[in-house]
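Enquirer: Got a file for you: model-v9.tsv, TSV, C-alpha atoms.
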```tsv
chain	number	residue	atom	x	y	z
W	29	MET	CA	-9.51	54.47	-161.89
W	30	ILE	CA	-6.40	56.69	-162.05
W	31	LEU	CA	-4.14	53.89	-160.88
W	32	ALA	CA	-5.77	51.28	-163.11
W	33	PHE	CA	-5.33	53.60	-166.10
W	34	GLY	CA	-1.70	54.29	-165.22
W	35	CYS	CA	-0.83	50.63	-164.75
W	36	ALA	CA	-2.62	49.53	-167.92
W	37	ALA	CA	-1.01	52.30	-169.99
W	38	THR	CA	2.44	51.52	-168.58
W	39	PHE	CA	2.03	47.81	-169.26
W	40	ALA	CA	0.91	48.58	-172.84
W	41	LEU	CA	3.88	50.94	-173.35
W	42	GLY	CA	6.23	48.23	-172.07
W	43	LEU	CA	4.68	45.71	-174.45
W	44	TYR	CA	5.04	48.18	-177.32
W	45	ALA	CA	8.72	48.68	-176.40
W	46	VAL	CA	9.33	44.91	-176.30
W	47	LEU	CA	7.66	44.49	-179.70
W	48	THR	CA	9.35	47.40	-181.46
W	49	ARG	CA	12.75	48.00	-179.87
W	50	ARG	CA	15.75	46.55	-181.71
W	51	ASP	CA	18.32	47.43	-179.06
W	52	LEU	CA	18.68	44.68	-176.44
W	53	VAL	CA	19.14	47.01	-173.44
W	54	ALA	CA	16.02	48.97	-174.45
W	55	LEU	CA	14.14	45.69	-174.84
W	56	VAL	CA	14.96	44.60	-171.28
W	57	ALA	CA	13.92	48.08	-170.08
W	58	GLY	CA	10.54	47.53	-171.78
W	59	ALA	CA	10.16	44.23	-169.93
W	60	GLU	CA	10.91	46.06	-166.67
W	61	LEU	CA	8.05	48.45	-167.41
W	62	MET	CA	5.65	45.55	-167.86
W	63	ILE	CA	6.67	43.77	-164.65
W	64	GLY	CA	6.68	47.01	-162.61
W	65	ALA	CA	3.20	47.95	-163.80
W	66	ALA	CA	1.88	44.46	-163.09
W	67	ASN	CA	3.38	44.55	-159.59
W	68	VAL	CA	1.74	47.88	-158.73
W	69	GLN	CA	-1.58	46.69	-160.18
W	70	LEU	CA	-1.56	43.41	-158.24
W	71	VAL	CA	-0.58	45.00	-154.91
W	72	ALA	CA	-3.25	47.71	-155.33
W	73	LEU	CA	-5.78	45.08	-156.33
W	74	ALA	CA	-5.04	43.01	-153.23
W	75	LEU	CA	-5.45	46.07	-151.00
W	76	SER	CA	-8.66	47.18	-152.76
W	77	ARG	CA	-10.31	43.78	-152.42
W	78	GLY	CA	-9.72	43.62	-148.67
W	79	GLY	CA	-6.69	41.37	-148.78
W	80	ASP	CA	-4.19	41.18	-145.96
W	81	PRO	CA	-1.92	44.26	-146.41
W	82	ALA	CA	1.11	42.43	-145.00
W	83	SER	CA	0.68	39.54	-147.44
W	84	ALA	CA	0.19	42.02	-150.30
W	85	SER	CA	3.49	43.71	-149.38
W	86	ALA	CA	5.20	40.33	-149.08
W	87	PHE	CA	3.93	39.46	-152.55
W	88	GLY	CA	5.27	42.77	-153.87
W	89	LEU	CA	8.69	41.99	-152.35
W	90	VAL	CA	8.70	38.57	-154.03
W	91	VAL	CA	7.97	40.18	-157.40
W	92	ILE	CA	10.71	42.81	-156.86
W	93	ALA	CA	13.22	40.02	-156.17
W	94	ALA	CA	12.09	38.15	-159.29
W	95	MET	CA	12.44	41.36	-161.33
W	96	ALA	CA	15.96	41.88	-160.03
W	97	ALA	CA	16.94	38.30	-160.93
W	98	GLU	CA	15.45	38.68	-164.41
W	99	SER	CA	17.31	41.95	-165.01
W	100	ALA	CA	20.63	40.54	-163.82
W	101	VAL	CA	20.41	37.46	-166.05
W	102	GLY	CA	19.11	39.47	-169.03
W	103	LEU	CA	21.85	42.08	-168.81
W	104	ALA	CA	24.52	39.38	-168.33
W	105	LEU	CA	23.29	37.70	-171.52
W	106	ILE	CA	23.39	41.03	-173.38
W	107	VAL	CA	26.92	41.87	-172.25
W	108	THR	CA	28.08	38.32	-173.08
W	109	ALA	CA	26.50	38.49	-176.54
W	110	TRP	CA	28.27	41.78	-177.11
W	111	ARG	CA	31.65	40.45	-175.97
W	112	ARG	CA	31.37	37.22	-177.98
W	113	HIS	CA	29.78	38.47	-181.19
W	114	GLY	CA	29.90	42.26	-181.05
W	115	ARG	CA	26.14	42.33	-181.47
W	116	GLY	CA	23.70	44.40	-179.44
W	117	ARG	CA	20.58	44.38	-181.59
W	118	VAL	CA	17.75	41.86	-181.83
W	119	ASP	CA	17.78	41.62	-185.62
W	120	GLU	CA	21.46	40.67	-185.61
W	121	PHE	CA	20.57	37.31	-184.01
W	122	GLU	CA	18.83	35.49	-186.84
W	123	GLU	CA	20.27	31.99	-186.37
W	124	VAL	CA	19.81	29.42	-183.63
W	125	ALA	CA	22.37	26.80	-182.66
W	126	GLY	CA	21.68	23.12	-183.33
V	8	MET	CA	-10.96	63.72	-158.18
V	9	THR	CA	-10.73	64.39	-154.45
V	10	THR	CA	-7.88	66.23	-152.73
V	11	ALA	CA	-6.57	62.95	-151.28
V	12	GLU	CA	-6.19	61.54	-154.79
V	13	ILE	CA	-4.01	64.40	-156.11
V	14	PRO	CA	-0.68	62.91	-154.84
V	15	LEU	CA	-1.60	59.59	-156.46
V	16	ALA	CA	-2.45	61.36	-159.72
V	17	VAL	CA	0.95	63.12	-159.65
V	18	CYS	CA	2.73	59.78	-159.04
V	19	VAL	CA	0.79	58.12	-161.87
V	20	ALA	CA	1.64	61.04	-164.18
V	21	LEU	CA	5.35	60.66	-163.29
V	22	MET	CA	5.09	56.91	-163.90
V	23	LEU	CA	3.56	57.52	-167.32
V	24	VAL	CA	6.19	60.11	-168.28
V	25	GLY	CA	8.92	57.63	-167.33
V	26	ALA	CA	7.18	54.82	-169.21
V	27	VAL	CA	6.73	56.91	-172.37
V	28	GLY	CA	10.40	57.90	-172.23
V	29	THR	CA	11.52	54.31	-171.73
V	30	ALA	CA	9.34	53.02	-174.56
V	31	LEU	CA	9.94	55.73	-177.15
V	32	ILE	CA	13.13	57.75	-176.55
V	33	ARG	CA	15.99	56.85	-178.91
V	34	ASP	CA	18.84	58.31	-176.86
V	35	VAL	CA	19.90	55.35	-174.69
V	36	THR	CA	21.18	57.43	-171.77
V	37	ARG	CA	17.90	59.32	-171.52
V	38	LEU	CA	16.05	56.02	-171.89
V	39	VAL	CA	17.75	54.66	-168.76
V	40	LEU	CA	17.09	57.92	-166.90
V	41	SER	CA	13.41	57.63	-167.89
V	42	LEU	CA	13.42	54.11	-166.49
V	43	GLY	CA	14.80	55.59	-163.27
V	44	LEU	CA	11.95	58.12	-163.17
V	45	PHE	CA	9.47	55.27	-163.67
V	46	LEU	CA	11.01	53.29	-160.80
V	47	VAL	CA	10.95	56.33	-158.47
V	48	ALA	CA	7.27	56.87	-159.34
V	49	VAL	CA	6.49	53.20	-158.59
V	50	ALA	CA	8.21	53.57	-155.19
V	51	LEU	CA	6.09	56.66	-154.47
V	52	ILE	CA	2.92	54.77	-155.42
V	53	PHE	CA	3.86	51.97	-153.00
V	54	LEU	CA	4.35	54.64	-150.34
V	55	PHE	CA	0.92	56.07	-151.18
V	56	LEU	CA	-0.63	52.59	-150.94
V	57	GLY	CA	0.61	52.37	-147.36
V	58	SER	CA	3.56	50.04	-147.87
V	59	PRO	CA	6.77	51.90	-146.94
V	60	LEU	CA	8.80	48.67	-146.89
V	61	LEU	CA	7.92	48.01	-150.55
V	62	ALA	CA	8.82	51.60	-151.45
V	63	VAL	CA	12.22	51.36	-149.73
V	64	SER	CA	12.88	47.94	-151.28
V	65	GLN	CA	12.02	49.35	-154.70
V	66	VAL	CA	14.51	52.19	-154.20
V	67	PHE	CA	17.29	49.99	-152.81
V	68	VAL	CA	16.94	47.04	-155.18
V	69	TYR	CA	15.92	48.84	-158.32
V	70	ILE	CA	17.30	52.34	-158.31
V	71	GLY	CA	20.37	51.39	-156.27
V	72	GLY	CA	21.00	48.06	-157.98
V	73	VAL	CA	19.28	47.29	-161.24
V	74	LEU	CA	19.50	50.82	-162.66
V	75	VAL	CA	23.25	50.81	-162.00
V	76	LEU	CA	23.43	47.45	-163.80
V	77	PHE	CA	21.63	49.04	-166.75
V	78	LEU	CA	24.16	51.88	-166.80
V	79	PHE	CA	27.07	49.41	-166.73
V	80	ALA	CA	25.50	47.37	-169.56
V	81	LEU	CA	25.01	50.60	-171.47
V	82	MET	CA	28.65	51.58	-171.05
V	83	ILE	CA	29.85	48.19	-172.29
V	84	VAL	CA	27.42	47.55	-175.14
V	85	HIS	CA	27.25	51.08	-176.55
V	86	ARG	CA	30.93	51.94	-176.30
V	87	THR	CA	31.31	52.97	-179.94
V	88	GLY	CA	32.99	56.36	-179.83
V	89	GLU	CA	30.52	57.56	-182.47
V	90	GLY	CA	28.66	60.15	-180.45
V	91	ARG	CA	25.65	59.55	-178.20
V	92	PRO	CA	24.40	55.95	-178.30
V	93	ARG	CA	20.98	55.48	-179.88
V	94	ALA	CA	18.40	52.70	-179.53
V	95	ASP	CA	16.65	51.98	-182.81
V	96	SER	CA	13.00	51.03	-182.95
V	97	ARG	CA	10.90	49.58	-185.72
V	98	HIS	CA	7.55	51.22	-185.13
V	99	ASP	CA	4.69	49.44	-186.86
V	100	VAL	CA	0.90	49.38	-186.79
V	101	ALA	CA	0.59	45.77	-185.63
V	102	ALA	CA	2.68	46.42	-182.49
V	103	ALA	CA	0.68	49.56	-181.71
V	104	ALA	CA	-2.63	47.72	-182.25
V	105	THR	CA	-1.48	44.88	-179.96
V	106	ALA	CA	-0.44	47.32	-177.23
V	107	ILE	CA	-3.74	49.23	-177.49
V	108	GLY	CA	-5.70	45.96	-177.37
V	109	VAL	CA	-3.88	44.84	-174.23
V	110	PHE	CA	-4.45	48.27	-172.69
V	111	LEU	CA	-8.22	48.01	-173.34
V	112	ILE	CA	-8.38	44.49	-171.88
V	113	LEU	CA	-6.49	45.60	-168.77
V	114	MET	CA	-8.84	48.55	-168.33
V	115	LEU	CA	-11.88	46.25	-168.54
V	116	VAL	CA	-10.75	43.44	-166.24
V	117	PRO	CA	-9.53	44.58	-162.81
V	118	GLY	CA	-12.29	46.82	-161.45
V	119	PRO	CA	-11.70	49.74	-159.07
V	120	LEU	CA	-8.33	50.05	-157.36
V	121	ALA	CA	-7.48	51.83	-154.12
V	122	THR	CA	-7.17	55.58	-154.71
V	123	THR	CA	-6.95	56.79	-151.13
V	124	PRO	CA	-4.14	55.98	-148.71
V	125	PRO	CA	-4.98	53.51	-145.92
V	126	ALA	CA	-5.39	54.80	-142.37
V	127	ASP	CA	-2.47	52.72	-141.06
V	128	PRO	CA	0.57	51.90	-143.22
V	129	VAL	CA	1.72	48.28	-143.18
V	130	ALA	CA	4.42	47.87	-140.53
V	131	PRO	CA	7.62	46.18	-141.77
V	132	ALA	CA	7.37	43.78	-138.80
V	133	ALA	CA	3.98	42.58	-140.09
V	134	VAL	CA	5.49	41.96	-143.54
V	135	GLY	CA	8.32	40.02	-141.90
V	136	ASP	CA	5.81	37.95	-139.97
V	137	ALA	CA	3.92	37.22	-143.18
V	138	LEU	CA	7.11	36.24	-145.03
V	139	LEU	CA	8.23	33.88	-142.26
V	140	GLY	CA	4.70	32.61	-141.57
V	141	LEU	CA	2.09	31.91	-144.23
V	142	ASP	CA	4.33	33.06	-147.12
V	143	LEU	CA	7.40	31.08	-146.00
V	144	ILE	CA	7.40	28.88	-149.11
V	145	ALA	CA	7.38	31.96	-151.37
V	146	PHE	CA	10.22	33.44	-149.31
V	147	GLU	CA	12.29	30.26	-149.64
V	148	LEU	CA	11.56	30.07	-153.36
V	149	VAL	CA	12.74	33.65	-153.83
V	150	GLY	CA	16.00	32.76	-152.10
V	151	LEU	CA	16.37	29.79	-154.46
V	152	LEU	CA	15.55	32.00	-157.46
V	153	LEU	CA	18.18	34.58	-156.49
V	154	LEU	CA	20.78	31.84	-155.97
V	155	ALA	CA	19.91	30.35	-159.38
V	156	ALA	CA	20.17	33.81	-160.98
V	157	LEU	CA	23.56	34.39	-159.35
V	158	LEU	CA	24.87	31.03	-160.58
V	159	ALA	CA	23.40	31.65	-164.04
V	160	VAL	CA	25.18	35.01	-164.32
V	161	LEU	CA	28.48	33.43	-163.22
V	162	VAL	CA	28.10	30.58	-165.75
V	163	ILE	CA	27.18	32.99	-168.56
V	164	VAL	CA	30.11	35.32	-167.88
V	165	LYS	CA	32.58	32.45	-167.38
V	166	GLY	CA	31.43	30.87	-170.66
V	167	ALA	CA	32.12	34.15	-172.42
V	168	LYS	CA	35.63	34.32	-170.95
V	169	ASP	CA	36.48	30.71	-171.87
V	170	SER	CA	35.43	31.02	-175.50
```
I'd like the structure from this file rewritten - as structure tokens, please.
Expert:
Amino acid sequence: MILAFGCAATFALGLYAVLTRRDLVALVAGAELMIGAANVQLVALALSRGGDPASASAFGLVVIAAMAAESAVGLALIVTAWRRHGRGRVDEFEEVAG
Amino acid sequence: MTTAEIPLAVCVALMLVGAVGTALIRDVTRLVLSLGLFLVAVALIFLFLGSPLLAVSQVFVYIGGVLVLFLFALMIVHRTGEGRPRADSRHDVAAAATAIGVFLILMLVPGPLATTPPADPVAPAAVGDALLGLDLIAFELVGLLLLAALLAVLVIVKGAKDS
């Protein structure tokens, strides 16, 4: 119950950050909260339901790798947007190309 | 709460403190430090759940890699010379209601989770066997994903230099 509460609250806080933050770095940090909480919840769920602990850990590793890839691409986009346009806030990007 | 659950409760409390800081603090430097606290707490929870390999991977990949990336991004994007960088938020009721709704759904769905550490932690060799056995396709896909991410970052940065 403690862990379920912690994961759910962390996921909700991450969602709130993604919905309300205007700074791009803070927005990616909110997404990290959501993925981290989901990872802990899913690994704990697998262990609680009698799943294979080694497979649960392998799954957790896969998610960690995906999180790292997402962060790297997200931060590269943010830095590029800053260098090209001098913008670092969500509400400064109001137009789409095409 | 039993005595065995106290370390888990401390880890969850640390995770929540880090999450609250990451979601609400306006000072960007403290925001990234809060994210670091959250990641350390997640690593401790993995350790509590009997998966030391996951805990070490979390520390190496996240605290040693991604958090440093965040700090570099922070130094580049918030280099204004106008005092401490701040991250604005637009707090509104709809976002809070959405987050609370998701929280309630997540509390209803999963059922009880493990709150006591397992008798035997998962050996890294067993995880390696799983990755190169039944989970081989996932392992290969992760390698492909990381390669794609690396190429994407190079293309994005090169595009910025060319323009």
Enquirer: To one decimal in Å, tell me the separation between CA of Met22 (chain V) and CA of Phe45 (chain V).
Expert: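 Separation of CA of Met22 (chain V) and CA of Phe45 (chain V): 4.7 Å.
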Enquirer: With 4 Å added on each side, what axis-aligned box encloses every listed atom of region 58-75 of chain V? Give the centre and edge lengths in Å to one decimal, as lines of an AutoDock Vina configuration file.
Expert:
```
center_x = 13.4
center_y = 49.7
center_z = -154.8
size_x = 27.7
size_y = 13.3
size_z = 23.8
```
Enquirer: Counting only C-alpha atoms, what is within 8 Å of region 44-59 of chain W, bar same-chain residues fewer than 3 positions away, as a PyMOL selection string?
Expert: (chain W and resi 40-41+62-63+99+102-103+106+116-119) or (chain V and resi 29-31+35+38-39+42+77+80-81+94-99+102-103+105-106)
Enquirer: Please produce, as a Markdown table, a per-residue contact table for chain W versus chain V (criterion: any atom at most 8 Å away, only C-alpha atoms considered), showing the nearest atom pair and its distance in Å to one decimal, sorted by chain then residue number.
Expert:
```
| residue | atom | partner | partner_atom | distance |
| --- | --- | --- | --- | --- |
| W:Met29 | CA | V:Pro119 | CA | 5.9 |
| W:Ile30 | CA | V:Ala16 | CA | 6.5 |
| W:Leu31 | CA | V:Val19 | CA | 6.6 |
| W:Ala32 | CA | V:Leu120 | CA | 6.4 |
| W:Phe33 | CA | V:Met114 | CA | 6.5 |
| W:Gly34 | CA | V:Val19 | CA | 5.7 |
| W:Ala36 | CA | V:Phe110 | CA | 5.3 |
| W:Ala37 | CA | V:Phe110 | CA | 5.9 |
| W:Thr38 | CA | V:Ala26 | CA | 5.8 |
| W:Phe39 | CA | V:Phe110 | CA | 7.3 |
| W:Ala40 | CA | V:Ala106 | CA | 4.8 |
| W:Leu41 | CA | V:Ala30 | CA | 6.0 |
| W:Gly42 | CA | V:Ala30 | CA | 6.2 |
| W:Leu43 | CA | V:Ala106 | CA | 6.0 |
| W:Tyr44 | CA | V:Ala106 | CA | 5.5 |
| W:Ala45 | CA | V:Ala30 | CA | 4.8 |
| W:Leu47 | CA | V:Ala102 | CA | 6.0 |
| W:Thr48 | CA | V:Arg97 | CA | 5.0 |
| W:Arg49 | CA | V:Ser96 | CA | 4.3 |
| W:Arg50 | CA | V:Ser96 | CA | 5.4 |
| W:Asp51 | CA | V:Ala94 | CA | 5.3 |
| W:Val53 | CA | V:Leu81 | CA | 7.2 |
| W:Ala54 | CA | V:Ala94 | CA | 6.7 |
| W:Ala57 | CA | V:Thr29 | CA | 6.9 |
| W:Gly58 | CA | V:Ala30 | CA | 6.3 |
| W:Leu61 | CA | V:Ala26 | CA | 6.7 |
| W:Gly64 | CA | V:Val49 | CA | 7.4 |
| W:Val68 | CA | V:Val49 | CA | 7.1 |
| W:Ala72 | CA | V:Leu120 | CA | 6.0 |
| W:Leu73 | CA | V:Leu120 | CA | 5.7 |
| W:Leu75 | CA | V:Ala121 | CA | 6.9 |
| W:Ser76 | CA | V:Ala121 | CA | 5.0 |
| W:Pro81 | CA | V:Val129 | CA | 6.3 |
| W:Ala82 | CA | V:Val134 | CA | 4.6 |
| W:Ser83 | CA | V:Ala137 | CA | 5.8 |
| W:Ser85 | CA | V:Leu61 | CA | 6.3 |
| W:Ala86 | CA | V:Val134 | CA | 5.8 |
| W:Gly88 | CA | V:Leu61 | CA | 6.7 |
| W:Leu89 | CA | V:Leu61 | CA | 6.3 |
| W:Val90 | CA | V:Val149 | CA | 6.4 |
| W:Ile92 | CA | V:Gln65 | CA | 7.0 |
| W:Ala93 | CA | V:Val149 | CA | 6.8 |
| W:Ala94 | CA | V:Val149 | CA | 7.1 |
| W:Ala96 | CA | V:Val73 | CA | 6.5 |
| W:Ala97 | CA | V:Ala156 | CA | 5.5 |
| W:Glu98 | CA | V:Ala156 | CA | 7.6 |
| W:Ser99 | CA | V:Val73 | CA | 6.8 |
| W:Ala100 | CA | V:Val160 | CA | 7.2 |
| W:Val101 | CA | V:Val160 | CA | 5.6 |
| W:Leu103 | CA | V:Ala80 | CA | 6.5 |
| W:Ala104 | CA | V:Val160 | CA | 6.0 |
| W:Leu105 | CA | V:Ile163 | CA | 6.8 |
| W:Ile106 | CA | V:Ala80 | CA | 7.7 |
| W:Val107 | CA | V:Ala80 | CA | 6.3 |
| W:Thr108 | CA | V:Ala167 | CA | 5.8 |
| W:Trp110 | CA | V:Val84 | CA | 6.2 |
| W:Arg111 | CA | V:Ala167 | CA | 7.2 |
| W:Arg112 | CA | V:Ala167 | CA | 6.4 |
| W:Gly116 | CA | V:Val84 | CA | 6.5 |
```
Enquirer: Rounded to one decimal, what separation in Å do you get between CA of Ala66 (chain W) and CA of Ile13 (chain V)?
Expert: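 Interatomic distance, CA of Ala66 (chain W) to CA of Ile13 (chain V): 21.9 Å.
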Enquirer: Enter the distance from CA of Phe55 (chain V) to CA of Ala11 (chain V), in Å, rounded to one decimal.
Expert: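 Spanning CA of Phe55 (chain V) to CA of Ala11 (chain V) is a straight-line distance of 10.2 Å.
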